[in-house]
file coords_9.csv (CSV, C-alpha atoms)
chain,number,residue,atom,x,y,z
A,1,MET,CA,33.3,-0.6,49.0
A,2,ARG,CA,31.8,2.5,47.3
A,3,TYR,CA,35.2,4.0,46.9
A,4,ILE,CA,36.6,0.8,45.5
A,5,LYS,CA,33.9,0.7,42.9
A,6,LYS,CA,34.5,4.3,42.0
A,7,PHE,CA,38.2,3.6,41.6
A,8,GLN,CA,37.5,0.6,39.4
A,9,THR,CA,35.2,2.7,37.3
A,10,LEU,CA,37.8,5.4,37.0
A,11,MET,CA,40.5,2.9,36.0
A,12,LEU,CA,38.2,1.4,33.4
A,13,PHE,CA,37.4,4.8,32.0
A,14,THR,CA,41.1,5.8,32.0
A,15,GLY,CA,42.0,2.5,30.2
A,16,LEU,CA,39.2,3.1,27.6
A,17,LEU,CA,40.6,6.6,26.9
A,18,PHE,CA,44.1,5.2,26.6
A,19,SER,CA,42.9,2.5,24.2
A,20,LEU,CA,41.1,5.1,22.1
A,21,ALA,CA,44.1,7.3,22.0
A,22,VAL,CA,46.4,4.5,20.9
A,23,ASN,CA,44.0,3.4,18.2
A,24,ALA,CA,43.6,7.0,17.1
A,25,GLN,CA,47.4,7.4,16.9
A,26,GLU,CA,47.7,4.1,14.9
A,27,ARG,CA,44.9,5.2,12.6
A,28,THR,CA,46.7,8.6,12.0
A,29,THR,CA,50.0,6.8,11.3
A,30,ILE,CA,48.3,4.5,8.8
A,31,ASP,CA,46.4,7.3,7.1
A,32,SER,CA,49.7,9.3,6.7
A,33,LEU,CA,51.4,6.3,5.1
A,34,LEU,CA,48.5,5.8,2.8
A,35,ALA,CA,48.6,9.4,1.8
A,36,MET,CA,52.3,9.0,1.0
A,37,LEU,CA,51.4,6.1,-1.3
A,38,GLY,CA,48.9,8.3,-3.2
A,39,GLY,CA,46.2,6.9,-5.4
A,40,ASP,CA,43.4,4.9,-3.9
A,41,PHE,CA,45.2,2.8,-1.3
A,42,VAL,CA,43.1,1.7,1.6
A,43,SER,CA,43.9,-0.2,4.9
A,44,ASN,CA,41.7,-2.9,6.4
A,45,ILE,CA,41.7,-5.8,8.8
A,46,VAL,CA,39.9,-9.1,8.2
A,47,LYS,CA,39.4,-12.2,10.3
A,48,VAL,CA,41.1,-15.3,8.8
A,49,ASN,CA,42.1,-18.7,10.1
A,50,GLY,CA,41.6,-18.0,13.8
A,51,THR,CA,43.4,-14.6,13.7
A,52,ALA,CA,43.0,-11.2,11.9
A,53,LEU,CA,45.3,-9.9,9.2
A,54,HIS,CA,46.0,-6.3,8.3
A,55,TYR,CA,46.5,-5.4,4.6
A,56,VAL,CA,46.9,-2.3,2.4
A,57,ARG,CA,45.3,-2.5,-1.0
A,58,GLY,CA,45.3,-0.3,-4.1
A,59,GLY,CA,45.1,-0.3,-7.9
A,60,ASN,CA,43.1,-2.3,-10.4
A,61,GLY,CA,43.8,-5.3,-12.6
A,62,PRO,CA,45.3,-8.8,-12.0
A,63,ALA,CA,46.0,-9.3,-8.3
A,64,ILE,CA,49.5,-9.3,-6.7
A,65,ILE,CA,50.0,-10.3,-3.1
A,66,LEU,CA,53.2,-8.9,-1.4
A,67,ILE,CA,54.5,-10.7,1.6
A,68,HIS,CA,57.3,-9.1,3.8
A,69,GLY,CA,60.2,-10.6,5.6
A,70,PHE,CA,61.6,-10.0,9.1
A,71,PRO,CA,62.0,-7.5,10.7
A,72,GLN,CA,59.7,-5.7,8.4
A,73,ASP,CA,56.0,-5.4,7.7
A,74,TRP,CA,53.8,-4.4,4.7
A,75,TYR,CA,55.7,-1.1,4.4
A,76,GLU,CA,58.7,-3.0,3.0
A,77,TYR,CA,57.0,-2.6,-0.4
A,78,HIS,CA,56.0,1.1,-0.1
A,79,LYS,CA,58.5,2.2,-2.8
A,80,ILE,CA,57.1,-0.1,-5.5
A,81,MET,CA,53.4,-0.3,-4.6
A,82,PRO,CA,52.3,2.9,-6.4
A,83,ARG,CA,54.1,1.8,-9.6
A,84,LEU,CA,52.6,-1.7,-9.5
A,85,ALA,CA,49.1,-0.3,-8.8
A,86,LYS,CA,49.1,1.3,-12.2
A,87,LYS,CA,48.6,-2.1,-13.8
A,88,PHE,CA,47.6,-4.5,-10.9
A,89,THR,CA,45.5,-4.8,-7.8
A,90,VAL,CA,48.2,-4.7,-5.2
A,91,VAL,CA,47.7,-6.2,-1.7
A,92,ALA,CA,50.6,-5.9,0.8
A,93,VAL,CA,49.9,-8.0,3.9
A,94,ASP,CA,51.1,-7.9,7.5
A,95,LEU,CA,51.7,-11.6,8.4
A,96,ARG,CA,50.0,-12.8,11.6
A,97,GLY,CA,51.8,-11.3,14.6
A,98,VAL,CA,53.2,-8.3,12.7
A,99,GLY,CA,52.1,-4.7,12.7
A,100,GLU,CA,48.3,-4.3,12.9
A,101,SER,CA,47.7,-8.0,12.5
A,102,LEU,CA,46.8,-9.9,15.6
A,103,ALA,CA,49.5,-11.9,17.4
A,104,PRO,CA,48.1,-15.3,18.5
A,105,PRO,CA,50.5,-17.5,20.5
A,106,THR,CA,50.9,-20.1,17.7
A,107,GLY,CA,50.6,-20.7,14.0
A,108,TYR,CA,53.8,-19.2,12.6
A,109,ASP,CA,54.9,-22.0,10.3
A,110,ALA,CA,54.9,-21.3,6.6
A,111,PRO,CA,52.0,-23.7,5.7
A,112,ASN,CA,49.7,-22.1,8.3
A,113,LEU,CA,50.8,-18.6,7.2
A,114,ALA,CA,50.0,-19.6,3.7
A,115,GLU,CA,46.5,-20.7,4.8
A,116,ASP,CA,46.1,-17.2,6.4
A,117,ILE,CA,46.9,-15.6,3.0
A,118,HIS,CA,44.7,-18.0,1.1
A,119,GLN,CA,41.7,-17.2,3.3
A,120,LEU,CA,42.5,-13.5,2.9
A,121,VAL,CA,42.5,-13.9,-0.9
A,122,GLN,CA,39.1,-15.7,-0.7
A,123,GLN,CA,37.6,-12.9,1.4
A,124,LEU,CA,38.8,-10.3,-0.9
A,125,LYS,CA,37.4,-12.3,-3.8
A,126,LEU,CA,40.6,-12.3,-5.7
A,127,GLU,CA,41.4,-14.9,-8.4
A,128,GLN,CA,44.6,-16.3,-9.8
A,129,VAL,CA,46.8,-14.1,-7.6
A,130,TYR,CA,50.5,-13.6,-8.2
A,131,VAL,CA,52.4,-14.0,-4.9
A,132,VAL,CA,55.7,-12.3,-4.1
A,133,GLY,CA,57.5,-13.0,-0.9
A,134,HIS,CA,60.9,-11.7,0.4
A,135,ASP,CA,62.9,-13.4,3.1
A,136,ILE,CA,60.5,-15.3,5.3
A,137,GLY,CA,57.7,-14.1,3.1
A,138,GLY,CA,59.4,-16.2,0.3
A,139,MET,CA,59.0,-19.3,2.5
A,140,VAL,CA,55.3,-18.5,2.8
A,141,ALA,CA,55.0,-17.9,-0.9
A,142,TYR,CA,56.5,-21.3,-1.7
A,143,ALA,CA,54.1,-23.0,0.8
A,144,PHE,CA,51.2,-21.1,-0.8
A,145,MET,CA,52.2,-22.4,-4.3
A,146,ARG,CA,52.4,-26.0,-3.0
A,147,LEU,CA,49.1,-25.9,-1.1
A,148,TYR,CA,47.0,-23.8,-3.5
A,149,PRO,CA,48.5,-24.2,-7.0
A,150,LYS,CA,45.1,-23.5,-8.7
A,151,ALA,CA,44.8,-20.2,-6.8
A,152,THR,CA,47.9,-18.6,-8.2
A,153,ARG,CA,49.2,-17.7,-11.7
A,154,GLY,CA,52.8,-17.6,-10.4
A,155,VAL,CA,55.1,-17.0,-7.5
A,156,MET,CA,58.3,-15.0,-7.0
A,157,ILE,CA,60.7,-15.8,-4.1
A,158,LEU,CA,63.1,-13.0,-3.3
A,159,ASP,CA,66.5,-13.7,-1.7
A,160,VAL,CA,65.8,-16.6,0.6
A,161,PRO,CA,66.7,-20.3,0.7
A,162,LEU,CA,64.1,-22.8,1.7
A,163,PRO,CA,64.4,-25.1,4.7
A,164,SER,CA,65.3,-28.7,3.6
A,165,ILE,CA,65.8,-27.6,0.0
A,166,ASP,CA,69.5,-27.9,-0.9
A,167,PRO,CA,71.8,-26.1,-0.1
A,168,TRP,CA,69.8,-25.0,3.0
A,169,ASP,CA,72.3,-26.2,5.6
A,170,GLU,CA,75.3,-24.7,3.8
A,171,SER,CA,73.5,-21.4,3.1
A,172,ILE,CA,72.8,-20.7,6.8
A,173,ALA,CA,76.2,-21.8,8.1
A,174,GLY,CA,78.9,-19.5,9.3
A,175,PRO,CA,79.2,-16.5,11.5
A,176,THR,CA,77.2,-14.2,9.2
A,177,PHE,CA,74.0,-16.1,10.1
A,178,TRP,CA,74.4,-16.1,13.9
A,179,LEU,CA,71.1,-14.4,14.3
A,180,LEU,CA,69.2,-17.5,13.1
A,181,ASN,CA,70.2,-19.5,16.2
A,182,PHE,CA,69.7,-16.4,18.4
A,183,HIS,CA,66.1,-15.9,17.1
A,184,GLN,CA,65.3,-19.6,17.5
A,185,THR,CA,66.4,-19.6,21.2
A,186,PRO,CA,63.2,-20.0,23.3
A,187,ASP,CA,62.1,-16.8,25.1
A,188,LEU,CA,65.6,-15.2,25.3
A,189,PRO,CA,65.6,-12.8,22.3
A,190,GLU,CA,62.3,-11.3,23.4
A,191,LYS,CA,63.7,-10.4,26.8
A,192,LEU,CA,66.9,-9.0,25.4
A,193,VAL,CA,65.3,-7.0,22.5
A,194,ALA,CA,62.2,-5.7,24.2
A,195,GLY,CA,62.4,-2.0,24.4
A,196,ARG,CA,65.4,-2.0,22.1
A,197,GLN,CA,63.7,-2.9,18.9
A,198,ALA,CA,64.9,0.1,17.0
A,199,ILE,CA,68.5,-0.4,18.1
A,200,TYR,CA,68.5,-4.1,17.1
A,201,PHE,CA,66.6,-3.6,13.9
A,202,HIS,CA,69.0,-0.8,12.9
A,203,PHE,CA,71.8,-3.2,13.4
A,204,ILE,CA,70.5,-6.1,11.2
A,205,LEU,CA,68.9,-3.9,8.5
A,206,ASP,CA,70.8,-2.2,5.7
A,207,PRO,CA,71.7,1.3,6.9
A,208,PHE,CA,72.6,2.5,3.4
A,209,HIS,CA,69.1,1.8,1.9
A,210,ILE,CA,66.8,1.7,4.9
A,211,SER,CA,66.4,5.1,6.6
A,212,ASP,CA,66.1,5.7,10.3
A,213,ALA,CA,62.5,6.6,9.9
A,214,GLU,CA,61.8,3.3,8.2
A,215,VAL,CA,63.6,1.4,10.9
A,216,SER,CA,61.5,3.2,13.5
A,217,HIS,CA,58.4,2.2,11.6
A,218,PHE,CA,59.5,-1.4,11.5
A,219,ALA,CA,60.3,-1.3,15.2
A,220,SER,CA,56.8,-0.1,15.9
A,221,ALA,CA,55.4,-3.2,14.0
A,222,TYR,CA,57.0,-5.4,16.7
A,223,ALA,CA,56.6,-2.9,19.5
A,224,ASP,CA,54.7,-5.0,22.1
A,225,LEU,CA,55.9,-8.2,23.6
A,226,GLU,CA,53.3,-10.3,21.8
A,227,HIS,CA,54.3,-9.0,18.4
A,228,LEU,CA,58.0,-9.3,19.1
A,229,HIS,CA,57.5,-12.9,20.3
A,230,ALA,CA,55.6,-13.6,17.0
A,231,GLY,CA,58.6,-12.3,15.0
A,232,PHE,CA,60.9,-14.7,16.6
A,233,GLU,CA,58.4,-17.5,16.3
A,234,LEU,CA,58.7,-17.2,12.6
A,235,TYR,CA,62.3,-18.5,12.9
A,236,ARG,CA,61.4,-21.1,15.5
A,237,ALA,CA,59.0,-22.6,12.9
A,238,PHE,CA,61.9,-23.3,10.4
A,239,PRO,CA,62.0,-27.1,11.4
A,240,VAL,CA,58.3,-27.4,10.7
A,241,ASN,CA,58.8,-25.6,7.4
A,242,GLY,CA,61.6,-28.0,6.6
A,243,LYS,CA,59.5,-31.1,7.1
A,244,PHE,CA,56.8,-29.6,4.9
A,245,ASN,CA,59.2,-28.7,2.1
A,246,ALA,CA,60.9,-32.1,2.2
A,247,ALA,CA,57.6,-33.8,1.7
A,248,GLN,CA,56.7,-31.7,-1.4
A,249,LYS,CA,58.1,-33.6,-4.3
A,250,GLY,CA,55.1,-33.8,-6.6
A,251,ALA,CA,55.2,-32.4,-10.1
A,252,LEU,CA,54.2,-28.7,-10.2
A,253,ASP,CA,54.1,-26.5,-13.2
A,254,VAL,CA,53.1,-23.2,-11.5
A,255,PRO,CA,55.5,-20.5,-12.9
A,256,LEU,CA,58.2,-19.9,-10.2
A,257,VAL,CA,60.9,-17.2,-10.1
A,258,TRP,CA,63.7,-17.4,-7.6
A,259,ALA,CA,65.5,-14.1,-7.5
A,260,ALA,CA,68.3,-12.8,-5.3
A,261,GLY,CA,70.6,-9.8,-5.0
A,262,GLU,CA,73.8,-9.9,-6.9
A,263,ASN,CA,75.8,-9.1,-3.8
A,264,SER,CA,73.8,-11.3,-1.5
A,265,PHE,CA,75.3,-14.6,-0.3
A,266,PHE,CA,72.1,-16.3,-1.5
A,267,GLY,CA,72.6,-14.8,-5.0
A,268,LYS,CA,75.8,-16.9,-5.3
A,269,ILE,CA,74.0,-20.1,-4.8
A,270,GLY,CA,70.8,-19.3,-6.8
A,271,SER,CA,71.4,-21.8,-9.5
A,272,ARG,CA,71.9,-24.6,-7.0
A,273,ILE,CA,68.6,-23.7,-5.3
A,274,THR,CA,66.7,-23.7,-8.6
A,275,ASP,CA,68.2,-27.0,-9.5
A,276,ALA,CA,67.1,-28.4,-6.2
A,277,LEU,CA,63.6,-27.1,-6.7
A,278,ARG,CA,63.5,-28.7,-10.1
A,279,ALA,CA,64.4,-32.0,-8.4
A,280,HIS,CA,61.5,-31.4,-6.1
A,281,GLY,CA,59.1,-31.2,-9.0
A,282,CYS,CA,59.0,-27.5,-9.9
A,283,SER,CA,59.3,-27.8,-13.7
A,284,ASN,CA,58.5,-24.2,-14.6
A,285,ILE,CA,61.2,-22.3,-12.7
A,286,LYS,CA,63.6,-19.4,-13.6
A,287,ASN,CA,66.5,-17.8,-11.7
A,288,GLU,CA,67.0,-14.1,-11.8
A,289,VAL,CA,69.8,-11.9,-10.4
A,290,ILE,CA,69.0,-8.3,-9.1
A,291,LYS,CA,72.1,-6.2,-10.0
A,292,ASN,CA,73.8,-4.1,-7.4
A,293,SER,CA,71.8,-5.4,-4.5
A,294,GLY,CA,72.3,-7.3,-1.3
A,295,HIS,CA,69.7,-9.1,0.7
A,296,TYR,CA,67.1,-6.3,1.1
A,297,VAL,CA,66.4,-6.2,-2.6
A,298,VAL,CA,63.1,-4.3,-2.4
A,299,ASN,CA,64.7,-1.5,-0.5
A,300,GLU,CA,68.0,-1.5,-2.3
A,301,GLN,CA,66.7,-1.8,-5.9
A,302,PRO,CA,63.0,-1.0,-5.9
A,303,ASP,CA,62.9,-0.1,-9.7
A,304,SER,CA,64.6,-3.4,-10.7
A,305,VAL,CA,62.3,-5.4,-8.4
A,306,ALA,CA,59.2,-3.6,-9.6
A,307,ALA,CA,60.2,-4.2,-13.2
A,308,LEU,CA,60.8,-7.9,-12.5
A,309,ILE,CA,57.4,-8.3,-10.8
A,310,GLU,CA,55.7,-6.4,-13.7
A,311,HIS,CA,57.2,-8.7,-16.2
A,312,TYR,CA,56.4,-12.0,-14.6
A,313,ALA,CA,53.1,-11.1,-13.1
A,314,SER,CA,51.9,-10.1,-16.6
A,315,LEU,CA,52.7,-13.4,-18.3
call {"tool": "encode", "arguments": {"input": "coords_9.csv", "output": "structure tokens"}}
result
Amino acid sequence: MRYIKKFQTLMLFTGLLFSLAVNAQERTTIDSLLAMLGGDFVSNIVKVNGTALHYVRGGNGPAIILIHGFPQDWYEYHKIMPRLAKKFTVVAVDLRGVGESLAPPTGYDAPNLAEDIHQLVQQLKLEQVYVVGHDIGGMVAYAFMRLYPKATRGVMILDVPLPSIDPWDESIAGPTFWLLNFHQTPDLPEKLVAGRQAIYFHFILDPFHISDAEVSHFASAYADLEHLHAGFELYRAFPVNGKFNAAQKGALDVPLVWAAGENSFFGKIGSRITDALRAHGCSNIKNEVIKNSGHYVVNEQPDSVAALIEHYASL
């Protein structure tokens, strides 16, 4: 019995050392990324809405919240954060289940993710934030605008259609969007992608504008099974997002910008999406096209996206 207790103590101590080593490595990685950003950027984690969110903050002035898509994390915006921080308080968030944010088993629908962001904004004591969301982050930004219109001075949705907002069904049809059904399949994608995140992410991300080092970073944001599962849960929540969006038809005058890449499929249907949003009550909406860009607009045309955000976040 004495030897068993010694063994248990040794295993506990070894586990503690391993945990400290992992945390130290993660801290070193974050510190190096913050150093690359320059300025006064800091990283922190706060408890919100039954989970904990990681964010990176820098700059001063009116607040901008940056929400990433899949399969990325806060680092999606690293090329534009220093520029924006010259005029604004910039907060780039890891959605629940991504990167250094906790990965609870549930809560990945856009309205609940918007509640996460809202509670983060309250804890940081920010007022009248401007919310920018790319890809799935755009779905969260739209939910935030609908749920908390008085908390935002405007929203920008980057290159993503919205479930149940026309032409949603058409925009996700065809062989190009095979990954949507794959990601929504219960349990299977986790099992197939686990341990191969970098390979899979390299395949679905733009290799011409997203470097191998960036892909490796994004793969690390979904490295363990819980975080990888959370990433696919974002897609499995689309039906819930659709029901929420379909019910939102009240008049809303919050300034909304829907922007897409010129070469993205979504860019070709942008006017139809903005017309549908007007029909759903969004009276103050504009459509923008980001020249010479595909879907990953922040990575492909960072200067253009930064200029767009600067313009509309300043109004």
call {"tool": "residues_around", "arguments": {"input": "coords_9.csv", "residues": "A:Gly69", "least_positions_apart": "2", "cutoff": "10 Å", "atoms": "only C-alpha atoms", "output": "list of chain:residue names"}}
result
A:Ile67, A:Pro71, A:Gln72, A:Asp73, A:Trp74, A:Glu76, A:Asp94, A:Leu95, A:Gly133, A:His134, A:Asp135, A:Ile136, A:Gly137, A:Gly138, A:Met139, A:Val140, A:Leu158, A:Val160, A:Gly231, A:Leu234, A:Tyr296
call {"tool": "atom_distance", "arguments": {"input": "coords_9.csv", "atom1": "atom CA of A:Lys150", "atom2": "atom CA of A:Val240"}}
result
23.8 Å
call {"tool": "atom_distance", "arguments": {"input": "coords_9.csv", "atom1": "atom CA of A:Ala85", "atom2": "atom CA of A:Tyr130"}}
result
13.4 Å
call {"tool": "atom_distance", "arguments": {"input": "coords_9.csv", "atom1": "atom CA of A:Ser283", "atom2": "atom CA of A:Val305"}}
result
23.2 Å
call {"tool": "residues_around", "arguments": {"input": "coords_9.csv", "residues": "A:Gly58", "least_positions_apart": "5", "cutoff": "6 Å", "atoms": "all atoms listed in the file", "output": "PyMOL selection string"}}
result
chain A and resi 40-41+89-90
